[in-house]
$ cat my_file04.tsv   # TSV, C-alpha atoms
chain	number	residue	atom	x	y	z
B	116	MET	CA	-92.54	-30.29	23.44
B	117	PRO	CA	-94.69	-33.41	22.92
B	118	GLY	CA	-96.36	-34.91	25.98
B	119	SER	CA	-94.67	-38.25	25.31
B	120	ALA	CA	-91.21	-36.68	25.49
B	121	LEU	CA	-88.76	-38.41	27.81
B	122	PHE	CA	-87.59	-35.06	29.22
B	123	ALA	CA	-89.68	-31.98	29.92
B	124	ARG	CA	-88.77	-28.46	28.88
B	125	ASP	CA	-86.58	-26.76	31.52
B	126	GLN	CA	-85.89	-30.09	33.22
B	127	ILE	CA	-82.47	-30.10	34.92
B	128	LEU	CA	-80.30	-33.19	34.38
B	129	ASP	CA	-77.87	-34.01	37.17
B	130	GLY	CA	-77.45	-30.35	38.06
B	131	ASN	CA	-75.60	-29.69	34.79
B	132	TYR	CA	-77.94	-29.37	31.83
B	133	ARG	CA	-81.26	-27.60	31.29
B	134	VAL	CA	-83.41	-29.12	28.55
B	135	ILE	CA	-84.63	-26.57	26.00
B	136	ASP	CA	-86.49	-28.50	23.31
B	137	VAL	CA	-86.70	-31.68	21.22
B	138	LEU	CA	-84.28	-31.63	18.30
B	139	ALA	CA	-85.18	-34.99	16.73
B	140	ALA	CA	-87.14	-38.13	17.54
B	141	GLY	CA	-86.71	-41.65	16.24
B	142	GLY	CA	-87.69	-45.22	16.89
B	143	MET	CA	-84.94	-45.85	19.44
B	144	GLY	CA	-84.77	-42.53	21.25
B	145	GLU	CA	-84.86	-38.76	21.12
B	146	VAL	CA	-82.33	-35.95	20.82
B	147	TYR	CA	-82.76	-32.72	22.77
B	148	VAL	CA	-81.16	-29.31	22.73
B	149	ALA	CA	-79.90	-28.36	26.18
B	150	VAL	CA	-77.81	-25.60	27.71
B	151	HIS	CA	-75.04	-26.03	30.26
B	152	LEU	CA	-75.93	-24.30	33.50
B	153	ARG	CA	-72.43	-22.97	34.20
B	154	LEU	CA	-70.92	-22.56	30.74
B	155	PRO	CA	-72.25	-20.44	27.86
B	156	ARG	CA	-72.80	-23.30	25.45
B	157	LYS	CA	-75.56	-25.42	24.00
B	158	LEU	CA	-75.27	-29.17	23.54
B	159	ALA	CA	-77.24	-32.15	22.33
B	160	ILE	CA	-78.69	-34.80	24.66
B	161	LYS	CA	-79.21	-38.19	23.02
B	162	THR	CA	-81.49	-40.63	24.85
B	163	LEU	CA	-82.57	-44.25	24.67
B	164	HIS	CA	-86.26	-45.11	24.92
B	165	PRO	CA	-87.19	-47.05	28.10
B	166	GLU	CA	-88.32	-50.09	26.11
B	167	PHE	CA	-84.79	-50.37	24.67
B	168	ALA	CA	-83.18	-49.38	27.96
B	169	ALA	CA	-84.81	-52.47	29.50
B	170	ARG	CA	-82.88	-54.71	27.09
B	171	HIS	CA	-79.26	-55.39	27.92
B	172	GLU	CA	-78.19	-55.63	24.26
B	173	TRP	CA	-79.32	-52.10	23.39
B	174	VAL	CA	-78.05	-50.56	26.60
B	175	ALA	CA	-74.66	-52.13	25.88
B	176	ARG	CA	-74.69	-50.59	22.40
B	177	PHE	CA	-75.62	-47.21	23.86
B	178	CYS	CA	-72.77	-47.43	26.37
B	179	ARG	CA	-70.39	-48.49	23.63
B	180	GLU	CA	-71.35	-45.52	21.48
B	181	ALA	CA	-70.43	-43.22	24.38
B	182	CYS	CA	-67.09	-45.01	24.79
B	183	VAL	CA	-66.34	-44.84	21.07
B	184	LEU	CA	-67.10	-41.13	20.78
B	185	ALA	CA	-65.04	-40.39	23.89
B	186	GLN	CA	-62.06	-42.13	22.27
B	187	LEU	CA	-62.37	-40.58	18.81
B	188	ARG	CA	-61.19	-36.99	19.20
B	189	HIS	CA	-61.32	-35.79	15.61
B	190	PRO	CA	-62.58	-32.53	14.09
B	191	ASN	CA	-64.89	-34.42	11.70
B	192	ILE	CA	-66.47	-36.65	14.37
B	193	VAL	CA	-69.11	-35.35	16.76
B	194	GLN	CA	-67.62	-35.10	20.25
B	195	VAL	CA	-69.12	-36.67	23.40
B	196	LEU	CA	-69.13	-34.61	26.59
B	197	ASP	CA	-70.84	-36.78	29.21
B	198	PHE	CA	-72.72	-40.02	29.80
B	199	ASN	CA	-75.18	-40.72	32.59
B	200	VAL	CA	-78.60	-41.97	33.61
B	201	ALA	CA	-81.36	-39.47	34.39
B	202	PRO	CA	-83.40	-39.79	37.60
B	203	ASN	CA	-86.29	-41.28	35.59
B	204	GLY	CA	-84.01	-44.13	34.49
B	205	VAL	CA	-83.36	-42.84	30.94
B	206	PRO	CA	-79.72	-43.24	29.81
B	207	TYR	CA	-78.38	-40.26	27.91
B	208	ILE	CA	-75.26	-39.03	26.12
B	209	ALA	CA	-74.41	-35.33	26.22
B	210	MET	CA	-72.57	-34.38	23.04
B	211	GLU	CA	-71.49	-31.53	20.83
B	212	LEU	CA	-74.41	-29.72	19.21
B	213	VAL	CA	-73.79	-29.57	15.46
B	214	GLU	CA	-75.75	-26.75	13.87
B	215	GLY	CA	-76.08	-27.74	10.26
B	216	VAL	CA	-77.95	-30.00	7.88
B	217	ASP	CA	-77.52	-33.66	6.97
B	218	LEU	CA	-76.83	-34.85	3.44
B	219	ARG	CA	-80.09	-36.79	3.23
B	220	SER	CA	-82.16	-33.65	3.83
B	221	GLU	CA	-80.18	-31.79	1.19
B	222	LEU	CA	-80.53	-34.60	-1.35
B	223	ASP	CA	-84.26	-34.94	-0.71
B	224	ARG	CA	-84.82	-31.28	-1.51
B	225	GLY	CA	-82.99	-31.68	-4.81
B	226	ARG	CA	-79.56	-30.34	-3.84
B	227	ARG	CA	-76.77	-31.47	-6.16
B	228	TYR	CA	-73.08	-31.10	-5.45
B	229	ASP	CA	-70.30	-30.18	-7.85
B	230	ALA	CA	-66.97	-32.00	-8.04
B	231	GLY	CA	-65.15	-29.66	-5.66
B	232	GLU	CA	-67.84	-30.00	-3.01
B	233	ILE	CA	-67.93	-33.78	-3.35
B	234	VAL	CA	-64.14	-34.05	-3.01
B	235	SER	CA	-64.24	-31.88	0.12
B	236	ILE	CA	-67.04	-33.93	1.71
B	237	VAL	CA	-65.42	-37.28	0.85
B	238	ARG	CA	-62.02	-36.19	2.12
B	239	GLN	CA	-63.45	-35.09	5.45
B	240	VAL	CA	-65.55	-38.22	5.89
B	241	ALA	CA	-62.54	-40.37	4.94
B	242	SER	CA	-60.39	-38.55	7.49
B	243	ALA	CA	-62.99	-39.22	10.20
B	244	LEU	CA	-63.32	-42.89	9.24
B	245	ASP	CA	-59.56	-43.33	9.06
B	246	ALA	CA	-59.27	-42.05	12.64
B	247	ALA	CA	-61.94	-44.52	13.71
B	248	HIS	CA	-60.24	-47.38	11.89
B	249	ALA	CA	-56.90	-46.52	13.52
B	250	ALA	CA	-58.67	-46.86	16.88
B	251	GLY	CA	-60.12	-50.26	15.94
B	252	VAL	CA	-63.64	-48.99	15.22
B	253	VAL	CA	-65.77	-49.73	12.15
B	254	HIS	CA	-68.76	-47.38	11.79
B	255	ARG	CA	-71.02	-49.85	9.90
B	256	ASP	CA	-73.80	-47.31	9.32
B	257	LEU	CA	-72.35	-44.58	7.11
B	258	LYS	CA	-75.14	-43.00	5.06
B	259	PRO	CA	-76.29	-39.49	4.08
B	260	GLU	CA	-78.36	-39.16	7.27
B	261	ASN	CA	-75.20	-39.59	9.38
B	262	VAL	CA	-73.13	-36.93	7.64
B	263	LEU	CA	-73.80	-33.38	8.83
B	264	LEU	CA	-72.61	-30.21	7.11
B	265	THR	CA	-71.87	-27.11	9.18
B	266	PRO	CA	-71.45	-23.78	7.36
B	267	ALA	CA	-67.94	-22.32	7.63
B	268	PRO	CA	-67.37	-18.81	6.22
B	269	GLY	CA	-64.60	-18.70	3.64
B	270	GLN	CA	-64.36	-22.44	3.09
B	271	PHE	CA	-66.32	-25.58	2.27
B	272	PRO	CA	-68.78	-26.69	4.96
B	273	VAL	CA	-67.26	-28.68	7.81
B	274	VAL	CA	-68.34	-32.33	7.90
B	275	LYS	CA	-69.35	-34.12	11.11
B	276	VAL	CA	-69.84	-37.90	11.08
B	277	ILE	CA	-72.41	-38.96	13.67
B	278	ASP	CA	-74.20	-42.02	15.07
B	279	PHE	CA	-71.72	-44.72	16.06
B	280	GLY	CA	-74.51	-46.73	17.67
B	281	LEU	CA	-73.98	-49.70	15.33
B	282	SER	CA	-70.20	-49.50	15.32
B	283	MET	CA	-68.05	-52.57	15.77
B	284	CYS	CA	-65.03	-52.30	18.05
B	285	GLU	CA	-62.13	-54.71	18.22
B	286	TRP	CA	-61.40	-53.70	21.82
B	287	SER	CA	-64.87	-54.38	23.27
B	288	GLU	CA	-66.81	-57.52	24.07
B	289	ARG	CA	-69.13	-58.72	21.34
B	290	VAL	CA	-72.67	-57.52	21.93
B	291	THR	CA	-75.48	-60.04	21.54
B	292	GLY	CA	-76.82	-59.79	18.03
B	293	ASP	CA	-73.62	-58.37	16.49
B	294	CYS	CA	-73.80	-61.06	13.83
B	295	ARG	CA	-77.27	-60.00	12.75
B	296	VAL	CA	-77.66	-57.71	9.75
B	297	PHE	CA	-77.61	-54.10	10.96
B	298	GLY	CA	-77.36	-50.94	8.93
B	299	THR	CA	-78.98	-49.37	5.89
B	300	PRO	CA	-79.22	-51.78	2.91
B	301	ASP	CA	-78.43	-49.12	0.27
B	302	TYR	CA	-74.97	-48.54	1.80
B	303	MET	CA	-74.08	-52.02	3.06
B	304	ALA	CA	-71.08	-53.91	1.77
B	305	PRO	CA	-71.70	-57.53	0.69
B	306	GLU	CA	-70.00	-58.95	3.79
B	307	GLN	CA	-72.20	-56.78	6.01
B	308	ALA	CA	-75.35	-57.62	4.05
B	309	GLN	CA	-74.66	-61.30	4.69
B	310	GLY	CA	-74.02	-60.80	8.42
B	311	LEU	CA	-70.37	-61.88	8.14
B	312	ARG	CA	-69.05	-60.08	11.21
B	313	ASP	CA	-65.59	-61.63	11.01
B	314	GLN	CA	-65.17	-60.21	7.51
B	315	THR	CA	-66.40	-56.73	8.44
B	316	ASP	CA	-63.54	-54.23	8.67
B	317	ALA	CA	-62.38	-50.81	7.46
B	318	ARG	CA	-63.06	-51.83	3.85
B	319	THR	CA	-66.72	-52.22	4.78
B	320	ASP	CA	-66.86	-48.52	5.59
B	321	GLN	CA	-65.02	-47.79	2.33
B	322	PHE	CA	-67.82	-49.51	0.41
B	323	ALA	CA	-70.36	-47.32	2.19
B	324	LEU	CA	-68.32	-44.17	1.45
B	325	ALA	CA	-68.12	-45.10	-2.25
B	326	ALA	CA	-71.90	-45.71	-2.30
B	327	LEU	CA	-72.47	-42.37	-0.60
B	328	THR	CA	-70.24	-40.67	-3.18
B	329	TYR	CA	-72.25	-42.31	-5.96
B	330	THR	CA	-75.42	-40.89	-4.37
B	331	LEU	CA	-73.95	-37.38	-4.22
B	332	LEU	CA	-73.11	-37.60	-7.93
B	333	SER	CA	-76.32	-39.15	-9.20
B	334	GLY	CA	-78.95	-38.31	-6.60
B	335	ARG	CA	-79.79	-42.00	-6.08
B	336	ALA	CA	-78.26	-45.02	-4.38
B	337	PRO	CA	-76.12	-47.37	-6.52
B	338	PHE	CA	-78.31	-50.42	-5.80
B	339	ALA	CA	-81.72	-48.75	-5.67
B	340	ARG	CA	-84.54	-51.32	-5.66
B	341	GLU	CA	-88.17	-51.41	-4.53
B	342	THR	CA	-87.65	-53.49	-1.37
B	343	PRO	CA	-84.83	-53.84	1.19
B	344	VAL	CA	-84.53	-57.54	0.36
B	345	ALA	CA	-84.03	-56.74	-3.32
B	346	VAL	CA	-81.40	-54.16	-2.39
B	347	LEU	CA	-79.50	-56.69	-0.28
B	348	TYR	CA	-79.59	-59.22	-3.11
B	349	ALA	CA	-78.26	-56.63	-5.57
B	350	VAL	CA	-75.46	-55.61	-3.19
B	351	VAL	CA	-74.28	-59.21	-2.89
B	352	HIS	CA	-74.74	-60.39	-6.49
B	353	GLU	CA	-74.87	-57.43	-8.88
B	354	GLU	CA	-72.84	-54.44	-10.05
B	355	PRO	CA	-73.87	-50.86	-9.26
B	356	ALA	CA	-75.88	-49.03	-11.89
B	357	ALA	CA	-73.83	-47.05	-14.40
B	358	LEU	CA	-73.43	-43.34	-13.80
B	359	ALA	CA	-75.21	-41.05	-16.20
B	360	ALA	CA	-73.08	-39.06	-18.60
B	361	ALA	CA	-71.78	-35.86	-17.05
B	362	SER	CA	-72.14	-32.47	-18.66
B	363	GLY	CA	-68.81	-30.93	-19.66
B	364	TRP	CA	-66.51	-33.64	-18.32
B	365	ASP	CA	-65.77	-37.36	-18.62
B	366	ALA	CA	-67.29	-39.36	-15.73
B	367	SER	CA	-65.67	-42.69	-16.67
B	368	PRO	CA	-62.53	-42.25	-14.49
B	369	VAL	CA	-64.73	-41.45	-11.48
B	370	GLU	CA	-66.95	-44.43	-12.23
B	371	ARG	CA	-63.90	-46.73	-12.25
B	372	VAL	CA	-62.88	-45.45	-8.81
B	373	LEU	CA	-66.39	-45.91	-7.43
B	374	ARG	CA	-66.64	-49.46	-8.78
B	375	GLN	CA	-63.33	-50.36	-7.14
B	376	GLY	CA	-64.47	-48.80	-3.87
B	377	MET	CA	-67.67	-50.88	-4.11
B	378	ALA	CA	-66.00	-54.08	-5.29
B	379	ARG	CA	-67.79	-57.19	-4.00
B	380	ALA	CA	-64.49	-58.74	-2.88
B	381	ARG	CA	-62.90	-56.78	-0.03
B	382	ASP	CA	-59.38	-57.34	-1.34
B	383	ASP	CA	-60.28	-55.65	-4.62
B	384	ARG	CA	-61.06	-52.35	-2.88
B	385	TYR	CA	-58.54	-49.64	-2.05
B	386	SER	CA	-56.14	-50.15	0.82
B	387	SER	CA	-57.86	-47.49	2.95
B	388	VAL	CA	-60.59	-44.88	2.89
B	389	LEU	CA	-57.93	-42.20	2.45
B	390	ALA	CA	-56.56	-44.02	-0.60
B	391	PHE	CA	-60.09	-44.06	-2.01
B	392	ALA	CA	-60.44	-40.30	-1.43
B	393	GLU	CA	-57.11	-39.65	-3.14
B	394	ALA	CA	-58.09	-41.78	-6.14
B	395	LEU	CA	-61.46	-40.03	-6.40
B	396	GLU	CA	-59.90	-36.57	-6.58
B	397	ALA	CA	-57.39	-37.77	-9.18
B	398	ALA	CA	-60.27	-39.21	-11.24
B	399	PHE	CA	-62.14	-35.90	-11.17
B	400	ILE	CA	-58.99	-34.18	-12.41
B	401	GLU	CA	-58.46	-36.81	-15.12
B	402	GLY	CA	-62.05	-36.44	-16.31
B	403	GLY	CA	-61.80	-32.66	-16.49
B	404	ALA	CA	-64.23	-31.90	-13.65
B	405	LEU	CA	-61.46	-30.29	-11.58
B	406	PRO	CA	-58.42	-28.30	-12.72
B	407	ARG	CA	-55.03	-29.87	-12.36
B	408	PRO	CA	-53.30	-28.59	-9.22
B	409	THR	CA	-50.62	-25.97	-9.78
B	410	THR	CA	-47.16	-27.23	-8.88
B	411	PRO	CA	-45.41	-24.63	-6.70
B	412	ALA	CA	-42.01	-23.36	-7.88
B	413	PRO	CA	-39.08	-24.97	-6.03
B	414	LEU	CA	-37.37	-22.89	-3.40
B	415	ALA	CA	-34.25	-21.08	-4.63
B	416	LEU	CA	-31.24	-22.37	-2.73
B	417	PRO	CA	-27.75	-20.81	-2.79
B	418	SER	CA	-25.38	-22.63	-5.14
B	419	GLY	CA	-21.69	-23.37	-4.80
B	420	PRO	CA	-19.56	-24.15	-1.75
B	421	ARG	CA	-19.84	-21.79	1.21
B	422	PRO	CA	-16.63	-20.21	2.52
B	423	PHE	CA	-15.28	-21.85	5.65
B	424	ARG	CA	-15.50	-19.81	8.80
B	425	ASP	CA	-14.57	-20.72	12.34
B	426	GLU	CA	-17.75	-19.91	14.26
B	427	HIS	CA	-15.67	-19.18	17.35
B	428	ASP	CA	-13.79	-16.48	15.48
B	429	ASP	CA	-15.67	-13.21	16.08
B	430	SER	CA	-12.81	-11.05	14.81
B	431	ARG	CA	-14.69	-10.12	11.69
B	432	GLU	CA	-18.33	-9.50	10.80
B	433	ALA	CA	-20.08	-12.05	8.62
B	434	SER	CA	-20.55	-11.08	5.01
B	435	ASP	CA	-23.97	-10.92	3.38
B	436	ASP	CA	-23.37	-14.35	1.82
B	437	GLU	CA	-22.50	-15.88	5.19
B	438	ARG	CA	-25.32	-14.43	7.27
B	439	PRO	CA	-27.99	-16.93	6.13
B	440	ALA	CA	-25.94	-19.72	7.68
B	441	ARG	CA	-26.35	-18.21	11.16
B	442	THR	CA	-30.10	-18.73	11.32
B	443	LEU	CA	-32.17	-17.92	14.31
B	444	GLY	CA	-32.68	-21.63	14.93
B	445	ALA	CA	-28.94	-22.33	14.98
B	446	VAL	CA	-28.29	-19.50	17.43
B	447	ALA	CA	-31.20	-20.59	19.61
B	448	ILE	CA	-29.97	-24.17	19.70
B	449	ARG	CA	-26.34	-23.20	20.44
B	450	ARG	CA	-27.24	-20.74	23.19
B	451	GLY	CA	-30.49	-22.22	24.46
B	452	VAL	CA	-29.63	-25.88	25.07
B	453	PRO	CA	-27.56	-25.27	28.27
B	454	ALA	CA	-30.29	-23.03	29.67
B	455	LEU	CA	-32.94	-25.61	28.75
B	456	LEU	CA	-31.04	-28.38	30.51
B	457	VAL	CA	-30.72	-26.28	33.66
B	458	ALA	CA	-34.44	-25.46	33.53
B	459	LEU	CA	-35.35	-29.13	33.16
B	460	VAL	CA	-33.16	-30.12	36.13
B	461	VAL	CA	-34.70	-27.42	38.32
B	462	ALA	CA	-38.23	-28.29	37.18
B	463	GLY	CA	-37.59	-31.96	37.89
B	464	ALA	CA	-36.34	-31.18	41.38
B	465	LEU	CA	-39.34	-28.99	42.12
B	466	TRP	CA	-41.74	-31.61	40.79
B	467	SER	CA	-40.10	-34.34	42.84
B	468	GLY	CA	-40.40	-32.17	45.92
B	469	VAL	CA	-44.05	-31.49	45.30
B	470	ALA	CA	-44.78	-35.12	44.56
B	471	THR	CA	-43.21	-36.33	47.79
B	472	VAL	CA	-44.85	-33.83	50.15
B	473	ARG	CA	-46.50	-35.78	52.90
B	474	GLY	CA	-50.18	-35.41	53.44
B	475	VAL	CA	-51.09	-34.84	49.80
B	476	PRO	CA	-53.94	-37.26	49.07
B	477	PRO	CA	-53.79	-39.39	45.91
B	478	ILE	CA	-56.03	-38.52	42.97
B	479	ALA	CA	-59.46	-39.78	43.86
B	480	ARG	CA	-61.31	-42.01	41.46
B	481	PRO	CA	-64.90	-41.05	40.69
B	482	ALA	CA	-67.35	-42.94	42.82
B	483	ASP	CA	-69.26	-45.86	41.37
B	484	TRP	CA	-72.90	-45.49	40.38
B	485	ARG	CA	-75.13	-44.03	43.05
B	486	GLY	CA	-77.43	-46.44	44.90
B	487	ASN	CA	-79.80	-48.69	43.06
B	488	ALA	CA	-82.01	-46.52	40.84
B	489	GLY	CA	-83.82	-49.40	39.22
B	490	ALA	CA	-83.24	-52.03	36.57
B	491	VAL	CA	-82.09	-49.54	33.92
B	492	ARG	CA	-79.32	-48.14	36.10
B	493	GLU	CA	-78.16	-51.67	36.98
B	494	THR	CA	-78.17	-52.64	33.31
B	495	VAL	CA	-76.13	-49.60	32.34
B	496	SER	CA	-73.62	-50.29	35.11
B	497	LYS	CA	-73.25	-53.91	34.01
B	498	SER	CA	-72.84	-52.90	30.37
B	499	TRP	CA	-70.22	-50.31	31.26
B	500	SER	CA	-68.27	-52.90	33.24
B	501	GLU	CA	-68.19	-55.15	30.19
B	502	LEU	CA	-66.63	-52.28	28.24
B	503	LYS	CA	-63.96	-51.46	30.83
B	504	GLY	CA	-61.30	-53.05	28.61
B	505	LEU	CA	-61.34	-49.78	26.67
B	506	VAL	CA	-59.92	-47.79	29.57
B	507	GLY	CA	-58.19	-50.52	31.53
B	508	ALA	CA	-54.74	-49.59	30.20
B	509	ASP	CA	-54.87	-46.19	31.91
B	510	PRO	CA	-54.70	-46.54	35.71
B	511	GLU	CA	-56.03	-43.01	36.20
B	512	THR	CA	-59.07	-43.50	33.94
B	513	PRO	CA	-62.33	-44.43	35.68
B	514	THR	CA	-63.85	-47.77	34.71
B	515	SER	CA	-67.41	-46.55	35.15
B	516	PRO	CA	-69.20	-43.26	34.49
B	517	HIS	CA	-69.90	-41.10	37.50
B	518	PRO	CA	-73.26	-39.42	38.05
$ encode --input "my_file04.tsv" --output "C-alpha cells"
Amino acid sequence: MPGSALFARDQILDGNYRVIDVLAAGGMGEVYVAVHLRLPRKLAIKTLHPEFAARHEWVARFCREACVLAQLRHPNIVQVLDFNVAPNGVPYIAMELVEGVDLRSELDRGRRYDAGEIVSIVRQVASALDAAHAAGVVHRDLKPENVLLTPAPGQFPVVKVIDFGLSMCEWSERVTGDCRVFGTPDYMAPEQAQGLRDQTDARTDQFALAALTYTLLSGRAPFARETPVAVLYAVVHEEPAALAAASGWDASPVERVLRQGMARARDDRYSSVLAFAEALEAAFIEGGALPRPTTPAPLALPSGPRPFRDEHDDSREASDDERPARTLGAVAIRRGVPALLVALVVAGALWSGVATVRGVPPIARPADWRGNAGAVRETVSKSWSELKGLVGADPETPTSPHP
C-alpha cells in the first residue's frame, strides 16, 4: 500500500472495518477493499482527499452521494452500507464491493460487444437510471468508467452503475458550483455542456446512455475530437458521426434510435430511458442483428357455458368438467378469509397490548456526531444537516449519520 495512502493496511475504522488494500486511486480520493469484522463479507471504502474535505462544496457532494445511494435500492446500482468520518478526519462511504470490470477497461483492450450483449447492458443501465429518475435524481456522469460488469453464470453479466458524486437531486439544496460544467465531455448532453442546470433532467442521462451505446457499437465516442473544448462545441452544434456499416445486418434502424436519443433538443428525445432501451432492441431486430422474439401460444381456455351448480349442494361429486372451477385459490379464499380476520383481530389486540406496556422506552435516535474532531468533521456535519430534507418525512429516520 503506498505511503501516501489515507488509510494503512489493517487499520480498523470505527470498530467495524479492517482495511485490506487500495483498490483504486484518483484525483479526488481513494477506494479501498475492507472486510467487516463481524460479518463474512468484503466491502469497498470510498474516501475524499483531505484537500477536498476542507472545502464545503466537495464535502456536501460527498455527503449527497451517500444520501443518494442510500435511497436508491436497485439491483443495478451499487449499494451504500455506511457513512462516517475516520479518526484522521477523512470522510468515507462504505459500500458494496463489486467484483467485475468497467466498460472503459474492456473497450480499451479492444473488447467489442454483439447486439445481444449491448441490449442487455443498455436495459440494465436504463433500469438503474429510471429508478434514480423516479427518486428525483439525475446521474449527470454516465460513462463507460461508471458502468461495471459482474460475471453471472448462466446469464449476461450483471450491470452496476456507480459514482453518483456529480448527481443532481431535486430534493436537496443546491450545492455551490452546481451550475458549472461537470461531467465527461464525450457523454454530455448539450444542456449540460452549456451549464444549463435548470434544463438538466432525466433526458440528460438518456443522451449519455445513447452516447455510451454508440461507443459500445463503434469503439469510439460519437463526438470524438482532439480537445475537450472541441468536443463540447461538437455536442452543442453538430450531429454525431455516422456509424460504420455493420457486417451481416442493417445498422440504419439502430442509428436512427441513437440519433433520437442524442437529439440536441431535449423534447426530441424519447420520453424515458426505458423507452430508449425498448426502441434500441426493436431497431436491432428490425436490422436483423437479433432474431424476432417468438410469440408464445395463447393459453387454451374451456369453451361454452359451464353447467350451473349450487356450491352449497354437496349431494353429488363434481364432474371432471366442473372440477377446474373449484380452484385452490377459490377454496382458500372461501375458507380462509374468516380465519384470517380472526387472526388479524387477535394480532391487533396483542400488538396494542405490547405497545401500551408501561416502562418500554421509545426508540432511541442515534446520537449526533461525537465531539469536535476538527474542521472536517464540522464541515461534514453541516453538510449533512443541509441534506436533512431527504429524510425529514420519516420521523424515525435519523437526520445525521452516527459514528
$ closest_atom_pairs --input "my_file04.tsv" --of "segment 284-392 of chain B" --to "segment 216-237 of chain B" --cutoff "10 Å" --atoms "all atoms listed in the file" --output "Markdown table"
| residue | atom | partner | partner_atom | distance |
| --- | --- | --- | --- | --- |
| B:Leu324 | CA | B:Val237 | CA | 7.5 |
| B:Ala325 | CA | B:Val237 | CA | 8.8 |
| B:Leu327 | CA | B:Val237 | CA | 8.8 |
| B:Thr328 | CA | B:Val237 | CA | 7.1 |
| B:Tyr329 | CA | B:Ile233 | CA | 9.9 |
| B:Thr330 | CA | B:Leu222 | CA | 8.6 |
| B:Leu331 | CA | B:Tyr228 | CA | 6.5 |
| B:Leu332 | CA | B:Tyr228 | CA | 7.0 |
| B:Ser333 | CA | B:Arg227 | CA | 8.3 |
| B:Gly334 | CA | B:Leu222 | CA | 6.6 |
| B:Arg335 | CA | B:Leu222 | CA | 8.8 |
| B:Val388 | CA | B:Val237 | CA | 9.2 |
| B:Leu389 | CA | B:Val237 | CA | 9.1 |
| B:Phe391 | CA | B:Val237 | CA | 9.1 |
| B:Ala392 | CA | B:Val237 | CA | 6.3 |
$ closest_residue --input "my_file04.tsv" --among "B:Leu311, B:Ala247, B:Leu281, B:Ala398" --to "Glu180 of chain B" --atoms "only C-alpha atoms"
B:Leu281
$ atom_distance --input "my_file04.tsv" --atom1 "atom CA of Val273 of chain B" --atom2 "atom CA of Ala246 of chain B"
16.3 Å
$ closest_residue --input "my_file04.tsv" --among "B:Ser242, B:Met143, B:Pro337, B:Thr409" --to "Arg170 of chain B" --atoms "all atoms listed in the file"
B:Met143
$ closest_residue --input "my_file04.tsv" --among "B:Leu196, B:Ala404, B:Asn203, B:Thr342" --to "Leu128 of chain B" --atoms "all atoms listed in the file"
B:Asn203
$ residues_around --input "my_file04.tsv" --residues "segment 212-214 of chain B" --least-positions-apart "4" --cutoff "9 Å" --atoms "all atoms listed in the file" --output "list in words"
Val148, Ala149, Lys157, Leu158, Ala159, Ile160, Val193, Gln194, Leu263, Leu264, Thr265, Pro266 and Lys275 of chain B
$ write_last_selection --input "my_file04.tsv" --atoms "C-alpha atoms" --output "JSON list (two decimals), in the coordinates of the input"
[["chain", "number", "residue", "atom", "x", "y", "z"],
["B", 148, "VAL", "CA", -81.16, -29.31, 22.73],
["B", 149, "ALA", "CA", -79.90, -28.36, 26.18],
["B", 157, "LYS", "CA", -75.56, -25.42, 24.00],
["B", 158, "LEU", "CA", -75.27, -29.17, 23.54],
["B", 159, "ALA", "CA", -77.24, -32.15, 22.33],
["B", 160, "ILE", "CA", -78.69, -34.80, 24.66],
["B", 193, "VAL", "CA", -69.11, -35.35, 16.76],
["B", 194, "GLN", "CA", -67.62, -35.10, 20.25],
["B", 263, "LEU", "CA", -73.80, -33.38, 8.83],
["B", 264, "LEU", "CA", -72.61, -30.21, 7.11],
["B", 265, "THR", "CA", -71.87, -27.11, 9.18],
["B", 266, "PRO", "CA", -71.45, -23.78, 7.36],
["B", 275, "LYS", "CA", -69.35, -34.12, 11.11]]
$ atom_distance --input "my_file04.tsv" --atom1 "atom CA of Ile127 of chain B" --atom2 "atom CA of Ala139 of chain B"
19.0 Å
$ atom_distance --input "my_file04.tsv" --atom1 "atom CA of Ala209 of chain B" --atom2 "atom CA of Asp320 of chain B"
25.6 Å
$ closest_residue --input "my_file04.tsv" --among "B:Arg255, B:His164, B:Arg384, B:Arg179" --to "Ala323 of chain B" --atoms "all atoms listed in the file"
B:Arg255
$ residues_near_point --input "my_file04.tsv" --point "(-75.9, -38.1, 24.6)" --cutoff "8 Å" --atoms "all atoms listed in the file" --output "ChimeraX atom specification"
/B:146,159-162,181,195-198,207-210
